[in-house]
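Shown below: upload-v9.cif, with mmCIF, C-alpha atoms.
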```cif
data_data
#
loop_
_atom_site.label_atom_id
_atom_site.label_comp_id
_atom_site.auth_asym_id
_atom_site.auth_seq_id
_atom_site.Cartn_x
_atom_site.Cartn_y
_atom_site.Cartn_z
CA GLN Q 1 2.10 1.00 -6.32
CA VAL Q 2 2.66 4.62 -5.44
CA GLN Q 3 -0.30 6.98 -5.67
CA LEU Q 4 0.22 10.55 -6.86
CA ALA Q 5 -1.91 13.66 -6.50
CA GLU Q 6 -1.18 16.91 -8.31
CA SER Q 7 -2.34 20.38 -7.33
CA GLY Q 8 -1.62 23.98 -8.17
CA GLY Q 9 -2.85 24.38 -11.71
CA GLY Q 10 -4.99 27.25 -12.91
CA LEU Q 11 -5.37 30.18 -15.27
CA VAL Q 12 -2.47 32.60 -15.55
CA GLN Q 13 -1.56 35.43 -17.89
CA PRO Q 14 1.44 35.18 -20.22
CA GLY Q 15 4.59 35.99 -18.30
CA GLY Q 16 3.07 34.80 -15.05
CA SER Q 17 4.09 32.05 -12.67
CA LEU Q 18 2.60 28.94 -11.10
CA ARG Q 19 3.86 26.25 -8.78
CA LEU Q 20 2.61 22.71 -9.16
CA SER Q 21 2.83 20.15 -6.35
CA CYS Q 22 2.66 16.38 -6.45
CA ALA Q 23 2.19 14.45 -3.24
CA ALA Q 24 3.13 10.78 -3.26
CA SER Q 25 1.90 8.01 -1.01
CA GLY Q 26 3.90 5.08 0.23
CA SER Q 27 7.47 4.40 1.16
CA PHE Q 28 10.78 4.76 -0.65
CA PHE Q 29 9.82 8.06 -2.31
CA ASN Q 30 13.37 9.24 -1.91
CA SER Q 31 14.61 6.41 -4.13
CA TYR Q 32 12.34 7.24 -7.08
CA THR Q 33 13.02 9.30 -10.14
CA MET Q 34 10.05 11.66 -10.39
CA GLY Q 35 8.90 13.69 -13.32
CA TRP Q 36 6.49 16.26 -14.63
CA TYR Q 37 4.83 15.74 -17.98
CA ARG Q 38 2.23 17.58 -19.99
CA GLN Q 39 -0.30 16.89 -22.68
CA ALA Q 40 -1.90 19.56 -24.81
CA PRO Q 41 -5.10 18.90 -26.78
CA GLY Q 42 -4.41 16.79 -29.83
CA LYS Q 43 -0.80 16.17 -28.86
CA GLN Q 44 1.11 13.35 -27.26
CA ARG Q 45 2.14 13.47 -23.64
CA GLU Q 46 5.65 14.87 -23.33
CA LEU Q 47 8.31 15.02 -20.68
CA VAL Q 48 8.77 18.42 -19.05
CA ALA Q 49 11.31 17.72 -16.31
CA THR Q 50 12.65 14.91 -14.16
CA ILE Q 51 14.52 14.72 -10.90
CA ARG Q 52 16.46 11.68 -9.76
CA SER Q 53 17.01 10.37 -6.28
CA ASP Q 54 20.40 12.11 -6.29
CA PHE Q 55 18.60 15.39 -7.18
CA ASN Q 56 20.04 15.44 -10.68
CA THR Q 57 17.56 17.21 -12.95
CA ASN Q 58 16.70 17.13 -16.63
CA TYR Q 59 14.51 19.53 -18.63
CA ALA Q 60 12.86 19.68 -22.00
CA ASP Q 61 14.51 22.33 -24.17
CA SER Q 62 11.24 24.24 -24.36
CA VAL Q 63 11.21 24.94 -20.61
CA LYS Q 64 14.90 25.28 -19.76
CA GLY Q 65 15.59 28.47 -17.85
CA ARG Q 66 11.89 28.97 -17.07
CA PHE Q 67 10.85 25.88 -15.10
CA THR Q 68 12.46 24.34 -12.04
CA ILE Q 69 11.75 20.88 -10.65
CA TYR Q 70 12.63 20.11 -7.05
CA ARG Q 71 11.65 17.66 -4.36
CA ASN Q 72 11.15 17.49 -0.62
CA ASN Q 73 11.68 13.89 0.44
CA ALA Q 74 10.53 14.60 3.99
CA LYS Q 75 7.12 15.55 2.56
CA ASN Q 76 7.06 12.94 -0.24
CA THR Q 77 6.42 15.81 -2.62
CA VAL Q 78 7.83 16.97 -5.93
CA TYR Q 79 7.28 20.47 -7.26
CA LEU Q 80 7.39 22.28 -10.57
CA GLU Q 81 8.02 26.01 -10.39
CA MET Q 82 6.96 27.60 -13.67
CA ASN Q 83 7.97 31.15 -14.58
CA SER Q 84 7.64 33.28 -17.69
CA LEU Q 85 4.72 31.17 -18.80
CA LYS Q 86 3.72 31.21 -22.45
CA PRO Q 87 0.43 30.29 -24.14
CA GLU Q 88 2.16 27.21 -25.59
CA ASP Q 89 2.65 25.94 -22.02
CA THR Q 90 -1.10 25.38 -21.81
CA ALA Q 91 -1.73 21.70 -21.12
CA VAL Q 92 -2.75 19.17 -18.53
CA TYR Q 93 0.29 18.59 -16.35
CA TYR Q 94 0.89 15.17 -14.86
CA CYS Q 95 3.19 13.93 -12.19
CA GLY Q 96 4.78 10.54 -12.73
CA ARG Q 97 7.13 8.07 -11.15
CA GLY Q 98 9.83 7.42 -13.72
CA GLY Q 99 11.89 9.08 -16.41
CA ILE Q 100 10.88 9.10 -20.04
CA VAL Q 101 7.16 8.83 -20.73
CA ALA Q 102 7.35 5.16 -21.70
CA SER Q 103 9.01 4.26 -18.41
CA VAL Q 104 6.52 5.91 -16.06
CA SER Q 105 4.93 3.33 -13.77
CA SER Q 106 2.49 5.56 -11.87
CA TRP Q 107 0.58 8.65 -12.96
CA GLY Q 108 -1.34 11.31 -11.13
CA GLN Q 109 -4.74 12.51 -12.29
CA GLY Q 110 -3.38 15.69 -13.86
CA THR Q 111 -3.90 19.39 -13.27
CA GLN Q 112 -4.88 21.93 -15.93
CA VAL Q 113 -2.60 24.86 -16.64
CA THR Q 114 -3.97 27.54 -18.95
CA VAL Q 115 -1.86 30.49 -20.04
CA SER Q 116 -4.02 33.14 -21.62
CA SER Q 117 -4.72 36.85 -21.49
#
```

Exercise: express the given structure as structure tokens:
Amino acid sequence: QVQLAESGGGLVQPGGSLRLSCAASGSFFNSYTMGWYRQAPGKQRELVATIRSDFNTNYADSVKGRFTIYRNNAKNTVYLEMNSLKPEDTAVYYCGRGGIVASVSSWGQGTQVTVSS
């Protein structure tokens, strides 16, 4: 089972930017669909963005045009570049191996992102 470790969260003002990283252990990373997900207090975990092994990407409507997911297979790492952050982006962000939330087979421990002035 692949192990995942997120980093890069923090406190940022509205309109600011952050880059999250997720380092994966093990082999065959380049064959996995990887995703970023988030969970705000009192809400269900939701998909933010996914990237397939062919680098095809998919985004939630709420982040399209602001967030970018990309991967570096040589480093077994997937990234989430977040721009124009809004208070409603505040959540714990998780990295996962898989597509939709129900299909994720491995989760990271999560990293807190807080957007506040």

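The shortest atom-to-atom distance to Tyr94 of chain Q, with all atoms listed in the file taken into account, belongs to Q:Leu47 out of Q:Leu47, Q:Ala24, Q:Val12, Q:Val115.
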
Requested in this report: Would you write out, as number ranges by chain, every residue that the PyMOL selection byres ((chain Q and resi 16) around 8) captures in this file?
Outcome: Q: 12-15, 17-18, 83-85

Query raised in the report: Applied to the shown file, which residues does the PyMOL selection byres ((chain Q and resi 9) around 6) return, written as a ChimeraX atom specification?
Result: /Q:7-8,10,111-113

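For the atom pair formed by atom CA of Thr77 of chain Q and atom CA of Gly42 of chain Q, the distance is 29.3 Å, given to one decimal.
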
Would you place a box with edges along x, y and z of the file around all atoms of segment 76-83 of chain Q listed there, add 3 Å to each of its six sides, and report the centre and edge lengths in Å to one decimal, as lines of an AutoDock Vina configuration file?
```
center_x = 7.2
center_y = 22.0
center_z = -7.4
size_x = 7.6
size_y = 24.2
size_z = 20.3
```

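Among the candidates Q:Gly110, Q:Pro41, Q:Gly96, Q:Gly35, the residue lying nearest to Ile69 of chain Q is Q:Gly35 (atoms considered: all atoms listed in the file).
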
Query raised in the report: Hey, what comes out of the PyMOL selection byres ((chain Q and resi 38) around 6) on this file? Could you write it as a ChimeraX atom specification?
Result: /Q:37,39,45-46,91-94

Query raised in the report: Any idea what's packed within 7 Å of Asn76 of chain Q, counting all atoms listed in the file, ignoring anything in its chain fewer than 4 positions away? Could you give it as number ranges by chain?
Result: Q: 23-24, 29, 72

Go ahead and save the residues from that selection, with C-alpha atoms, as an mmCIF file, in the coordinates of the input.
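out.cif was written with the following content:
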```cif
data_model
loop_
_atom_site.group_PDB
_atom_site.id
_atom_site.type_symbol
_atom_site.label_atom_id
_atom_site.label_comp_id
_atom_site.auth_asym_id
_atom_site.auth_seq_id
_atom_site.Cartn_x
_atom_site.Cartn_y
_atom_site.Cartn_z
ATOM 1 C CA ALA Q 23 2.190 14.450 -3.240
ATOM 2 C CA ALA Q 24 3.130 10.780 -3.260
ATOM 3 C CA PHE Q 29 9.820 8.060 -2.310
ATOM 4 C CA ASN Q 72 11.150 17.490 -0.620
#
```

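What separates atom CA of Pro87 of chain Q from atom CA of Leu11 of chain Q is a distance of 10.6 Å.
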
Query raised in the report: From the set Q:Cys95, Q:Met82, Q:Met34, Q:Ala49, which residue has the shortest atom-to-atom contact distance to Cys22 of chain Q, counting only C-alpha atoms?
Result: Q:Cys95

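Using only C-alpha atoms for every distance, the candidate list Q:Ser117, Q:Leu20, Q:Ala40, Q:Ser27 yields Q:Ser27 as the residue closest to Lys75 of chain Q.
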
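Between atom CA of Glu81 of chain Q and atom CA of Val101 of chain Q lies a distance of 20.1 Å.
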
Query raised in the report: Counting all atoms listed in the file, what is within 7 Å of Arg97 of chain Q, bar same-chain residues fewer than 4 positions away, as a VMD selection string?
Result: chain Q and resid 32 to 35 104 to 107

Query - Option closest in space to Asn58 of chain Q, from Q:Leu4, Q:Thr114, Q:Asp89, Q:Tyr70 [counting all atoms listed in the file] - result: Q:Tyr70

Report task. Find the residue from Q:Gly108, Q:Trp36, Q:Phe28, Q:Arg19 that sits nearest to Tyr59 of chain Q; use only C-alpha atoms when measuring. Result -> Q:Trp36
